[in-house]
$ cat my_file.cif   # mmCIF, C-alpha atoms and all ligand atoms
data_my_file
#
loop_
_atom_site.group_PDB
_atom_site.id
_atom_site.type_symbol
_atom_site.label_atom_id
_atom_site.label_comp_id
_atom_site.auth_asym_id
_atom_site.auth_seq_id
_atom_site.Cartn_x
_atom_site.Cartn_y
_atom_site.Cartn_z
ATOM 1 C CA MET A 29 37.167 108.483 39.054
ATOM 2 C CA TRP A 30 34.900 105.440 39.574
ATOM 3 C CA ASP A 31 37.562 103.322 37.901
ATOM 4 C CA LEU A 32 37.019 99.581 38.342
ATOM 5 C CA THR A 33 40.016 98.331 36.404
ATOM 6 C CA GLY A 34 41.152 94.998 37.828
ATOM 7 C CA LYS A 35 37.801 94.273 39.489
ATOM 8 C CA THR A 36 35.449 91.434 38.561
ATOM 9 C CA ALA A 37 31.692 91.946 38.695
ATOM 10 C CA LEU A 38 28.942 89.330 38.528
ATOM 11 C CA VAL A 39 25.519 90.650 37.492
ATOM 12 C CA THR A 40 22.703 88.127 37.773
ATOM 13 C CA GLY A 41 20.025 88.193 35.096
ATOM 14 C CA SER A 42 22.092 90.479 32.872
ATOM 15 C CA GLY A 43 21.157 88.612 29.715
ATOM 16 C CA SER A 44 18.427 91.218 29.185
ATOM 17 C CA GLY A 45 16.589 94.152 30.750
ATOM 18 C CA MET A 46 18.018 96.300 33.536
ATOM 19 C CA GLY A 47 20.881 93.929 34.199
ATOM 20 C CA GLN A 48 22.281 94.624 30.747
ATOM 21 C CA GLY A 49 22.571 98.318 31.602
ATOM 22 C CA MET A 50 24.291 97.484 34.890
ATOM 23 C CA ALA A 51 26.721 95.102 33.189
ATOM 24 C CA LYS A 52 27.570 97.695 30.547
ATOM 25 C CA GLN A 53 28.164 100.468 33.067
ATOM 26 C CA LEU A 54 30.465 98.313 35.206
ATOM 27 C CA ALA A 55 32.364 97.208 32.100
ATOM 28 C CA LEU A 56 32.679 100.842 30.941
ATOM 29 C CA GLN A 57 34.265 101.614 34.317
ATOM 30 C CA GLY A 58 36.865 98.947 33.552
ATOM 31 C CA ALA A 59 35.579 95.870 35.379
ATOM 32 C CA HIS A 60 35.504 92.404 33.862
ATOM 33 C CA VAL A 61 31.806 91.546 33.893
ATOM 34 C CA ILE A 62 30.402 88.066 34.272
ATOM 35 C CA VAL A 63 26.984 88.012 32.646
ATOM 36 C CA ASN A 64 24.693 85.526 34.373
ATOM 37 C CA ASP A 65 21.366 84.343 33.072
ATOM 38 C CA LEU A 66 19.135 81.303 33.228
ATOM 39 C CA PHE A 67 19.332 81.050 29.446
ATOM 40 C CA VAL A 68 22.621 80.502 27.658
ATOM 41 C CA ASP A 69 21.576 82.357 24.481
ATOM 42 C CA LYS A 70 20.630 85.497 26.415
ATOM 43 C CA ALA A 71 23.850 85.439 28.434
ATOM 44 C CA GLU A 72 26.018 84.873 25.349
ATOM 45 C CA HIS A 73 24.231 87.545 23.342
ATOM 46 C CA SER A 74 24.617 90.117 26.120
ATOM 47 C CA ALA A 75 28.295 89.328 26.761
ATOM 48 C CA GLN A 76 29.016 89.329 23.037
ATOM 49 C CA GLY A 77 27.430 92.779 22.785
ATOM 50 C CA LEU A 78 29.817 94.072 25.451
ATOM 51 C CA ARG A 79 32.848 92.473 23.839
ATOM 52 C CA ALA A 80 31.850 94.000 20.484
ATOM 53 C CA GLN A 81 32.224 97.415 22.175
ATOM 54 C CA GLY A 82 35.722 96.519 23.337
ATOM 55 C CA LEU A 83 34.578 95.733 26.889
ATOM 56 C CA SER A 84 35.573 92.725 28.977
ATOM 57 C CA ALA A 85 32.829 90.141 29.564
ATOM 58 C CA SER A 86 32.254 86.418 30.022
ATOM 59 C CA THR A 87 29.228 84.309 30.954
ATOM 60 C CA ARG A 88 28.010 82.001 33.706
ATOM 61 C CA VAL A 89 24.690 80.273 33.219
ATOM 62 C CA PHE A 90 22.939 79.257 36.420
ATOM 63 C CA ASP A 91 19.626 79.562 38.206
ATOM 64 C CA VAL A 92 19.921 81.927 41.190
ATOM 65 C CA THR A 93 17.279 79.894 43.033
ATOM 66 C CA ASP A 94 19.398 76.722 42.918
ATOM 67 C CA PRO A 95 21.863 76.969 45.832
ATOM 68 C CA ALA A 96 24.140 74.160 44.620
ATOM 69 C CA ALA A 97 24.384 75.664 41.129
ATOM 70 C CA VAL A 98 25.051 79.139 42.561
ATOM 71 C CA ARG A 99 27.805 77.826 44.860
ATOM 72 C CA ALA A 100 29.475 75.741 42.156
ATOM 73 C CA SER A 101 29.382 78.428 39.495
ATOM 74 C CA ILE A 102 30.576 81.195 41.798
ATOM 75 C CA ALA A 103 33.401 79.002 43.118
ATOM 76 C CA GLU A 104 34.524 78.337 39.526
ATOM 77 C CA ALA A 105 34.363 82.024 38.659
ATOM 78 C CA GLU A 106 36.294 82.963 41.806
ATOM 79 C CA ALA A 107 39.021 80.510 40.878
ATOM 80 C CA GLU A 108 39.176 81.826 37.319
ATOM 81 C CA PHE A 109 39.194 85.550 38.157
ATOM 82 C CA ASP A 110 40.857 85.552 41.590
ATOM 83 C CA GLY A 111 37.575 86.363 43.303
ATOM 84 C CA ILE A 112 34.398 88.267 42.648
ATOM 85 C CA ASP A 113 34.644 91.859 43.829
ATOM 86 C CA ILE A 114 31.207 93.180 42.871
ATOM 87 C CA MET A 115 28.015 91.144 43.214
ATOM 88 C CA VAL A 116 24.873 92.640 41.709
ATOM 89 C CA CYS A 117 21.794 90.595 42.650
ATOM 90 C CA ASN A 118 19.512 91.731 39.858
ATOM 91 C CA VAL A 119 17.271 88.742 39.062
ATOM 92 C CA GLY A 120 13.761 89.395 40.252
ATOM 93 C CA ASN A 121 10.148 89.831 39.179
ATOM 94 C CA ALA A 122 8.720 86.301 38.886
ATOM 95 C CA GLY A 123 11.970 84.874 37.517
ATOM 96 C CA ALA A 124 11.467 83.410 34.077
ATOM 97 C CA GLU A 125 7.710 83.211 34.614
ATOM 98 C CA HIS A 126 5.067 85.755 33.751
ATOM 99 C CA MET A 127 4.584 88.383 36.504
ATOM 100 C CA GLU A 128 0.991 87.679 37.530
ATOM 101 C CA GLN A 129 -0.648 90.338 39.650
ATOM 102 C CA ALA A 130 -3.347 89.532 42.197
ATOM 103 C CA HIS A 131 -4.632 90.993 45.406
ATOM 104 C CA PHE A 132 -3.310 89.033 48.375
ATOM 105 C CA LYS A 133 -6.749 87.758 49.433
ATOM 106 C CA ASP A 134 -7.279 86.291 45.966
ATOM 107 C CA SER A 135 -3.780 84.834 45.607
ATOM 108 C CA LEU A 136 -2.973 81.129 45.821
ATOM 109 C CA PRO A 137 -0.311 80.045 48.328
ATOM 110 C CA GLU A 138 1.234 77.759 45.701
ATOM 111 C CA ASN A 139 1.991 80.867 43.632
ATOM 112 C CA TRP A 140 3.862 82.655 46.420
ATOM 113 C CA THR A 141 7.041 80.598 46.333
ATOM 114 C CA LYS A 142 8.379 81.804 42.989
ATOM 115 C CA PHE A 143 8.386 85.420 44.172
ATOM 116 C CA ILE A 144 10.196 84.617 47.408
ATOM 117 C CA ASP A 145 12.611 82.274 45.602
ATOM 118 C CA VAL A 146 13.934 84.752 43.038
ATOM 119 C CA ASN A 147 13.561 88.038 44.907
ATOM 120 C CA LEU A 148 14.824 86.920 48.326
ATOM 121 C CA TYR A 149 16.434 83.470 48.263
ATOM 122 C CA GLY A 150 18.214 84.254 44.991
ATOM 123 C CA VAL A 151 19.799 87.309 46.636
ATOM 124 C CA MET A 152 20.689 85.246 49.719
ATOM 125 C CA HIS A 153 22.303 82.415 47.749
ATOM 126 C CA CYS A 154 24.468 84.718 45.621
ATOM 127 C CA THR A 155 25.441 86.979 48.513
ATOM 128 C CA HIS A 156 26.244 84.022 50.751
ATOM 129 C CA ALA A 157 28.495 82.544 48.085
ATOM 130 C CA VAL A 158 30.602 85.688 47.496
ATOM 131 C CA LEU A 159 30.874 87.186 51.000
ATOM 132 C CA PRO A 160 33.594 84.900 52.446
ATOM 133 C CA GLY A 161 35.968 85.703 49.565
ATOM 134 C CA MET A 162 35.206 89.422 49.729
ATOM 135 C CA CYS A 163 35.851 89.519 53.475
ATOM 136 C CA GLU A 164 39.065 87.547 53.102
ATOM 137 C CA ARG A 165 40.354 89.927 50.415
ATOM 138 C CA GLY A 166 39.180 92.978 52.388
ATOM 139 C CA TRP A 167 37.131 94.546 49.585
ATOM 140 C CA GLY A 168 33.698 93.942 48.136
ATOM 141 C CA ARG A 169 30.456 95.435 46.902
ATOM 142 C CA VAL A 170 27.066 93.722 47.178
ATOM 143 C CA ILE A 171 24.171 95.495 45.486
ATOM 144 C CA SER A 172 20.648 94.142 45.611
ATOM 145 C CA ILE A 173 18.149 95.335 43.021
ATOM 146 C CA SER A 174 14.867 95.890 44.795
ATOM 147 C CA SER A 175 11.769 97.846 43.897
ATOM 148 C CA GLY A 176 9.534 100.665 45.024
ATOM 149 C CA ALA A 177 7.146 97.820 45.870
ATOM 150 C CA GLY A 178 9.639 96.781 48.541
ATOM 151 C CA ARG A 179 9.459 100.068 50.430
ATOM 152 C CA THR A 180 5.840 101.154 50.135
ATOM 153 C CA GLY A 181 2.353 99.673 49.820
ATOM 154 C CA LEU A 182 0.798 99.621 46.345
ATOM 155 C CA ASN A 183 -2.666 98.651 45.167
ATOM 156 C CA ILE A 184 -1.449 96.818 42.045
ATOM 157 C CA GLY A 185 -1.514 93.188 43.174
ATOM 158 C CA VAL A 186 2.187 92.751 43.976
ATOM 159 C CA SER A 187 2.105 92.126 47.746
ATOM 160 C CA ILE A 188 4.177 88.898 47.753
ATOM 161 C CA TYR A 189 6.699 90.376 45.332
ATOM 162 C CA GLY A 190 6.827 93.496 47.527
ATOM 163 C CA ALA A 191 7.313 91.434 50.684
ATOM 164 C CA ALA A 192 10.249 89.598 49.092
ATOM 165 C CA LYS A 193 11.743 92.862 47.813
ATOM 166 C CA ALA A 194 11.411 94.392 51.297
ATOM 167 C CA GLY A 195 13.199 91.349 52.679
ATOM 168 C CA SER A 196 16.116 91.849 50.310
ATOM 169 C CA ILE A 197 16.447 95.504 51.376
ATOM 170 C CA ASN A 198 16.629 94.604 55.050
ATOM 171 C CA LEU A 199 18.954 91.700 54.301
ATOM 172 C CA MET A 200 21.440 94.215 52.886
ATOM 173 C CA ARG A 201 21.042 96.454 55.940
ATOM 174 C CA HIS A 202 21.838 93.614 58.345
ATOM 175 C CA ILE A 203 24.704 92.128 56.362
ATOM 176 C CA SER A 204 26.229 95.574 55.908
ATOM 177 C CA GLN A 205 26.730 95.757 59.670
ATOM 178 C CA GLU A 206 28.378 92.349 59.790
ATOM 179 C CA VAL A 207 30.929 92.924 57.018
ATOM 180 C CA ALA A 208 31.672 96.664 57.078
ATOM 181 C CA ALA A 209 34.889 96.167 59.021
ATOM 182 C CA HIS A 210 36.107 93.864 56.220
ATOM 183 C CA GLY A 211 35.839 96.588 53.572
ATOM 184 C CA VAL A 212 32.621 95.171 52.101
ATOM 185 C CA THR A 213 29.602 97.395 51.467
ATOM 186 C CA CYS A 214 26.024 96.159 50.978
ATOM 187 C CA ASN A 215 23.342 98.412 49.545
ATOM 188 C CA ALA A 216 19.970 98.127 47.853
ATOM 189 C CA ILE A 217 18.426 100.008 44.944
ATOM 190 C CA ALA A 218 14.666 100.444 44.685
ATOM 191 C CA LEU A 219 13.849 100.823 41.004
ATOM 192 C CA GLY A 220 10.692 102.565 39.918
ATOM 193 C CA LEU A 221 8.763 101.735 36.780
ATOM 194 C CA MET A 222 11.255 100.801 34.054
ATOM 195 C CA ASN A 223 10.911 100.647 30.293
ATOM 196 C CA THR A 224 10.696 96.851 30.187
ATOM 197 C CA VAL A 225 7.129 96.753 31.486
ATOM 198 C CA PRO A 226 4.346 96.153 28.963
ATOM 199 C CA GLU A 227 3.040 99.289 27.214
ATOM 200 C CA GLU A 228 -0.544 98.841 28.440
ATOM 201 C CA PHE A 229 0.676 98.732 32.049
ATOM 202 C CA ALA A 230 3.120 101.635 31.674
ATOM 203 C CA ALA A 231 1.012 104.121 29.697
ATOM 204 C CA PRO A 232 -1.431 105.165 32.451
ATOM 205 C CA VAL A 233 1.354 105.354 35.058
ATOM 206 C CA ILE A 234 3.910 107.508 33.196
ATOM 207 C CA LYS A 235 2.074 110.739 33.991
ATOM 208 C CA SER A 236 2.460 110.059 37.711
ATOM 209 C CA ILE A 237 6.284 109.916 37.417
ATOM 210 C CA PRO A 238 7.584 113.421 38.223
ATOM 211 C CA CYS A 239 10.454 113.140 35.698
ATOM 212 C CA GLY A 240 7.867 112.269 33.046
ATOM 213 C CA ARG A 241 9.348 109.058 31.696
ATOM 214 C CA LEU A 242 10.038 105.415 32.506
ATOM 215 C CA GLY A 243 13.450 104.362 33.798
ATOM 216 C CA THR A 244 16.059 102.837 31.503
ATOM 217 C CA PRO A 245 18.809 100.233 31.879
ATOM 218 C CA GLU A 246 21.252 103.181 31.822
ATOM 219 C CA ASP A 247 19.484 104.827 34.788
ATOM 220 C CA ALA A 248 19.789 101.590 36.747
ATOM 221 C CA GLY A 249 23.383 101.079 35.578
ATOM 222 C CA ASN A 250 24.497 104.527 36.684
ATOM 223 C CA MET A 251 23.486 103.938 40.300
ATOM 224 C CA VAL A 252 25.094 100.490 40.291
ATOM 225 C CA GLY A 253 28.288 101.970 38.880
ATOM 226 C CA PHE A 254 28.341 104.609 41.603
ATOM 227 C CA LEU A 255 27.803 102.123 44.441
ATOM 228 C CA ALA A 256 30.406 99.737 43.024
ATOM 229 C CA ALA A 257 33.086 102.419 42.866
ATOM 230 C CA LYS A 258 36.014 102.520 45.244
ATOM 231 C CA GLU A 259 34.933 106.085 46.093
ATOM 232 C CA SER A 260 31.670 104.746 47.619
ATOM 233 C CA GLU A 261 33.427 102.861 50.407
ATOM 234 C CA TRP A 262 31.764 104.912 53.185
ATOM 235 C CA ILE A 263 28.235 104.201 51.906
ATOM 236 C CA THR A 264 26.701 100.999 53.233
ATOM 237 C CA GLY A 265 23.432 99.602 54.565
ATOM 238 C CA GLN A 266 21.445 102.065 52.476
ATOM 239 C CA LEU A 267 18.505 102.008 50.102
ATOM 240 C CA PHE A 268 18.616 104.247 47.018
ATOM 241 C CA CYS A 269 15.466 105.001 45.036
ATOM 242 C CA VAL A 270 16.041 105.263 41.279
ATOM 243 C CA ASP A 271 12.538 106.114 40.188
ATOM 244 C CA GLY A 272 12.272 109.509 38.477
ATOM 245 C CA GLY A 273 11.078 111.115 41.710
ATOM 246 C CA SER A 274 8.154 108.752 42.317
ATOM 247 C CA ALA A 275 8.966 108.150 45.974
ATOM 248 C CA PRO A 276 10.405 111.257 47.638
ATOM 249 C CA TYR A 277 11.344 110.781 51.283
HETATM 250 N N1 LIG B 301 11.158 96.298 35.162
HETATM 251 C C1 LIG B 301 10.679 97.096 36.106
HETATM 252 O O1 LIG B 301 9.831 97.981 35.883
HETATM 253 C C2 LIG B 301 11.194 96.942 37.509
HETATM 254 C C3 LIG B 301 10.697 97.799 38.503
HETATM 255 C C4 LIG B 301 11.181 97.691 39.799
HETATM 256 C C5 LIG B 301 12.138 96.729 40.096
HETATM 257 N N2 LIG B 301 12.574 95.881 39.116
HETATM 258 C C6 LIG B 301 13.567 94.867 39.460
HETATM 259 O O2 LIG B 301 14.708 95.066 38.631
HETATM 260 C C7 LIG B 301 15.334 93.800 38.376
HETATM 261 C C8 LIG B 301 15.512 93.615 36.879
HETATM 262 O O3 LIG B 301 14.239 93.679 36.269
HETATM 263 P P1 LIG B 301 14.029 93.384 34.691
HETATM 264 O O4 LIG B 301 12.620 93.770 34.420
HETATM 265 O O5 LIG B 301 15.137 93.952 33.926
HETATM 266 O O6 LIG B 301 14.204 91.793 34.712
HETATM 267 P P2 LIG B 301 13.655 90.679 33.684
HETATM 268 O O7 LIG B 301 12.411 90.073 34.243
HETATM 269 O O8 LIG B 301 13.647 91.266 32.323
HETATM 270 O O9 LIG B 301 14.762 89.543 33.806
HETATM 271 C C9 LIG B 301 16.133 89.786 33.621
HETATM 272 C C10 LIG B 301 16.823 88.493 33.255
HETATM 273 O O10 LIG B 301 16.814 87.575 34.370
HETATM 274 C C11 LIG B 301 16.841 86.264 33.842
HETATM 275 N N3 LIG B 301 16.380 85.311 34.867
HETATM 276 C C12 LIG B 301 15.098 85.076 35.259
HETATM 277 N N4 LIG B 301 15.084 84.175 36.242
HETATM 278 C C13 LIG B 301 16.375 83.824 36.480
HETATM 279 C C14 LIG B 301 16.993 82.924 37.391
HETATM 280 N N5 LIG B 301 16.260 82.213 38.251
HETATM 281 N N6 LIG B 301 18.352 82.815 37.391
HETATM 282 C C15 LIG B 301 19.107 83.547 36.517
HETATM 283 N N7 LIG B 301 18.565 84.406 35.622
HETATM 284 C C16 LIG B 301 17.210 84.554 35.611
HETATM 285 C C17 LIG B 301 15.904 86.352 32.637
HETATM 286 O O11 LIG B 301 16.156 85.307 31.710
HETATM 287 C C18 LIG B 301 16.223 87.741 32.080
HETATM 288 O O12 LIG B 301 17.175 87.685 31.027
HETATM 289 C C19 LIG B 301 14.442 92.757 39.049
HETATM 290 O O13 LIG B 301 14.959 92.438 40.325
HETATM 291 C C20 LIG B 301 13.100 93.444 39.190
HETATM 292 O O14 LIG B 301 12.336 92.914 40.233
HETATM 293 C C21 LIG B 301 12.142 95.985 37.832
#

$ encode --input "my_file.cif" --output "structure tokens" --more "lines below"
Ligand SMILES: NC(=O)c1ccc[n+]([C@@H]2O[C@H](COP(=O)([O-])OP(=O)(O)OC[C@H]3O[C@@H](n4cnc5c(N)ncnc54)[C@H](O)[C@@H]3O)[C@@H](O)[C@H]2O)c1
Amino acid sequence: MWDLTGKTALVTGSGSGMGQGMAKQLALQGAHVIVNDLFVDKAEHSAQGLRAQGLSASTRVFDVTDPAAVRASIAEAEAEFDGIDIMVCNVGNAGAEHMEQAHFKDSLPENWTKFIDVNLYGVMHCTHAVLPGMCERGWGRVISISSGAGRTGLNIGVSIYGAAKAGSINLMRHISQEVAAHGVTCNAIALGLMNTVPEEFAAPVIKSIPCGRLGTPEDAGNMVGFLAAKESEWITGQLFCVDGGSAPY
């Protein structure tokens, strides 16, 4: 069950954080995982960690906001592995920059671009590069890692980030309709507060999470592994909240 033997998965930003948990879960299910990151040392370290556990992993270093680099690197990987079957668009936050928080009225337009670039354009570039091959082969999984900030309003100074994350959720919904007949599913995951956020930010918020703890890379990985599975072929165009019960519908 959930076996991904013979499949190749590309997880962006899996050199650290949540992406590492997603990469590990997909590799545990039998997929070959391509670890992407902006930084070669992070990518190599993460892939090496998987290989040390007997799992199958390689690396591709590129910036998800650079369309030419995304296209070139994905084309190379497709040639090497006979296609990419599972695309996890995980890079987000403010990319490699510090996640500054500011109310919209106090924000500077020149600071908006980085949020849109990584959280929306990055998803678009990677998805656009893998979809033709997936459709041609008649099988594919696209999973976009969004956030609770992309589905609800929050008073924590993340409106531009939230707007980009909302865009990525609706992007998946639309694309899912276009490619469903080709055996390709497109879904989004809205993560809640995860254990990579700074302690001072997390501490006052933990008590408001019904499950009583922050999310982990394993929590994120488990949902990715489920959506990537062959058994999930009838699930598409959906948003799944992985947030310890923070956002009940
Ligand atoms: N951490 C949280 O609490 C939280 C909450 C909700 C949603 N999310 C979302 O989950 C995803 C993962 O979050 P995280 O906190 O693990 O990520 P992170 O900020 O720790 O970054 C993960 C990796 O992405 C790499 N990276 C940054 N910019 C890149 C680029 N342009 N191209 C390629 N690689 C790049 C970084 O080097 C890093 O290794 C993001 O989309 C984030 O928005 C996180």

$ residues_around --input "my_file.cif" --residues "His60 in chain A" --least-positions-apart "5" --cutoff "12 Å" --atoms "only C-alpha atoms" --output "tab-separated table (two decimals) with C-alpha atoms, in the coordinates of the input"
chain	number	residue	atom	x	y	z
A	31	ASP	CA	37.56	103.32	37.90
A	32	LEU	CA	37.02	99.58	38.34
A	33	THR	CA	40.02	98.33	36.40
A	34	GLY	CA	41.15	95.00	37.83
A	35	LYS	CA	37.80	94.27	39.49
A	36	THR	CA	35.45	91.43	38.56
A	37	ALA	CA	31.69	91.95	38.70
A	38	LEU	CA	28.94	89.33	38.53
A	39	VAL	CA	25.52	90.65	37.49
A	51	ALA	CA	26.72	95.10	33.19
A	52	LYS	CA	27.57	97.70	30.55
A	53	GLN	CA	28.16	100.47	33.07
A	54	LEU	CA	30.46	98.31	35.21
A	55	ALA	CA	32.36	97.21	32.10
A	75	ALA	CA	28.30	89.33	26.76
A	78	LEU	CA	29.82	94.07	25.45
A	79	ARG	CA	32.85	92.47	23.84
A	82	GLY	CA	35.72	96.52	23.34
A	83	LEU	CA	34.58	95.73	26.89
A	84	SER	CA	35.57	92.72	28.98
A	85	ALA	CA	32.83	90.14	29.56
A	86	SER	CA	32.25	86.42	30.02
A	87	THR	CA	29.23	84.31	30.95
A	105	ALA	CA	34.36	82.02	38.66
A	108	GLU	CA	39.18	81.83	37.32
A	109	PHE	CA	39.19	85.55	38.16
A	110	ASP	CA	40.86	85.55	41.59
A	111	GLY	CA	37.58	86.36	43.30
A	112	ILE	CA	34.40	88.27	42.65
A	113	ASP	CA	34.64	91.86	43.83
A	114	ILE	CA	31.21	93.18	42.87

$ residues_near_ligand --input "my_file.cif" --ligand "ligand LIG 301 (chain B)" --cutoff "6 Å" --atoms "all atoms listed in the file" --output "JSON, numbers by chain"
{"A": [40, 41, 42, 43, 44, 45, 46, 47, 65, 66, 67, 90, 91, 92, 93, 118, 119, 120, 121, 123, 124, 146, 173, 174, 175, 219, 220, 221, 222, 224, 225]}

$ resolve_selection --input "my_file.cif" --expression "the PyMOL selection byres (((chain A and resi 237) around 9) and not hetatm)" --output "PyMOL selection string"
chain A and resi 220-221+233-236+238-242+271-274

$ residues_around --input "my_file.cif" --residues "range 189-195 of chain A" --least-positions-apart "3" --cutoff "12 Å" --atoms "all atoms listed in the file" --output "JSON, numbers by chain"
{"A": [117, 118, 119, 120, 121, 122, 123, 127, 128, 129, 130, 131, 132, 135, 139, 140, 141, 142, 143, 144, 145, 146, 147, 148, 149, 150, 151, 152, 172, 173, 174, 175, 176, 177, 178, 179, 180, 181, 182, 183, 184, 185, 186, 198, 199, 200, 201, 202, 216, 217, 218, 219, 267]}

$ write_last_selection --input "my_file.cif" --atoms "C-alpha atoms" --output "CSV table (one decimal), keeping the file's coordinate frame"
chain,number,residue,atom,x,y,z
A,117,CYS,CA,21.8,90.6,42.6
A,118,ASN,CA,19.5,91.7,39.9
A,119,VAL,CA,17.3,88.7,39.1
A,120,GLY,CA,13.8,89.4,40.3
A,121,ASN,CA,10.1,89.8,39.2
A,122,ALA,CA,8.7,86.3,38.9
A,123,GLY,CA,12.0,84.9,37.5
A,127,MET,CA,4.6,88.4,36.5
A,128,GLU,CA,1.0,87.7,37.5
A,129,GLN,CA,-0.6,90.3,39.6
A,130,ALA,CA,-3.3,89.5,42.2
A,131,HIS,CA,-4.6,91.0,45.4
A,132,PHE,CA,-3.3,89.0,48.4
A,135,SER,CA,-3.8,84.8,45.6
A,139,ASN,CA,2.0,80.9,43.6
A,140,TRP,CA,3.9,82.7,46.4
A,141,THR,CA,7.0,80.6,46.3
A,142,LYS,CA,8.4,81.8,43.0
A,143,PHE,CA,8.4,85.4,44.2
A,144,ILE,CA,10.2,84.6,47.4
A,145,ASP,CA,12.6,82.3,45.6
A,146,VAL,CA,13.9,84.8,43.0
A,147,ASN,CA,13.6,88.0,44.9
A,148,LEU,CA,14.8,86.9,48.3
A,149,TYR,CA,16.4,83.5,48.3
A,150,GLY,CA,18.2,84.3,45.0
A,151,VAL,CA,19.8,87.3,46.6
A,152,MET,CA,20.7,85.2,49.7
A,172,SER,CA,20.6,94.1,45.6
A,173,ILE,CA,18.1,95.3,43.0
A,174,SER,CA,14.9,95.9,44.8
A,175,SER,CA,11.8,97.8,43.9
A,176,GLY,CA,9.5,100.7,45.0
A,177,ALA,CA,7.1,97.8,45.9
A,178,GLY,CA,9.6,96.8,48.5
A,179,ARG,CA,9.5,100.1,50.4
A,180,THR,CA,5.8,101.2,50.1
A,181,GLY,CA,2.4,99.7,49.8
A,182,LEU,CA,0.8,99.6,46.3
A,183,ASN,CA,-2.7,98.7,45.2
A,184,ILE,CA,-1.4,96.8,42.0
A,185,GLY,CA,-1.5,93.2,43.2
A,186,VAL,CA,2.2,92.8,44.0
A,198,ASN,CA,16.6,94.6,55.0
A,199,LEU,CA,19.0,91.7,54.3
A,200,MET,CA,21.4,94.2,52.9
A,201,ARG,CA,21.0,96.5,55.9
A,202,HIS,CA,21.8,93.6,58.3
A,216,ALA,CA,20.0,98.1,47.9
A,217,ILE,CA,18.4,100.0,44.9
A,218,ALA,CA,14.7,100.4,44.7
A,219,LEU,CA,13.8,100.8,41.0
A,267,LEU,CA,18.5,102.0,50.1

$ atom_distance --input "my_file.cif" --atom1 "CA of Cys163 in chain A" --atom2 "CA of Ala97 in chain A"
21.8 Å

$ axis_aligned_box --input "my_file.cif" --around "range 100-111 of chain A" --padding-each-side "8 Å" --output "JSON"
{"center_x": 35.1, "center_y": 81.1, "center_z": 40.3, "size_x": 27.5, "size_y": 26.6, "size_z": 22.0}

$ atom_distance --input "my_file.cif" --atom1 "CA of Ser204 in chain A" --atom2 "CA of Ile188 in chain A"
24.4 Å

$ closest_residue --input "my_file.cif" --among "A:Cys269, A:Ala96, A:Ile197, A:Ala257" --to "Gly243 in chain A" --atoms "only C-alpha atoms"
A:Cys269
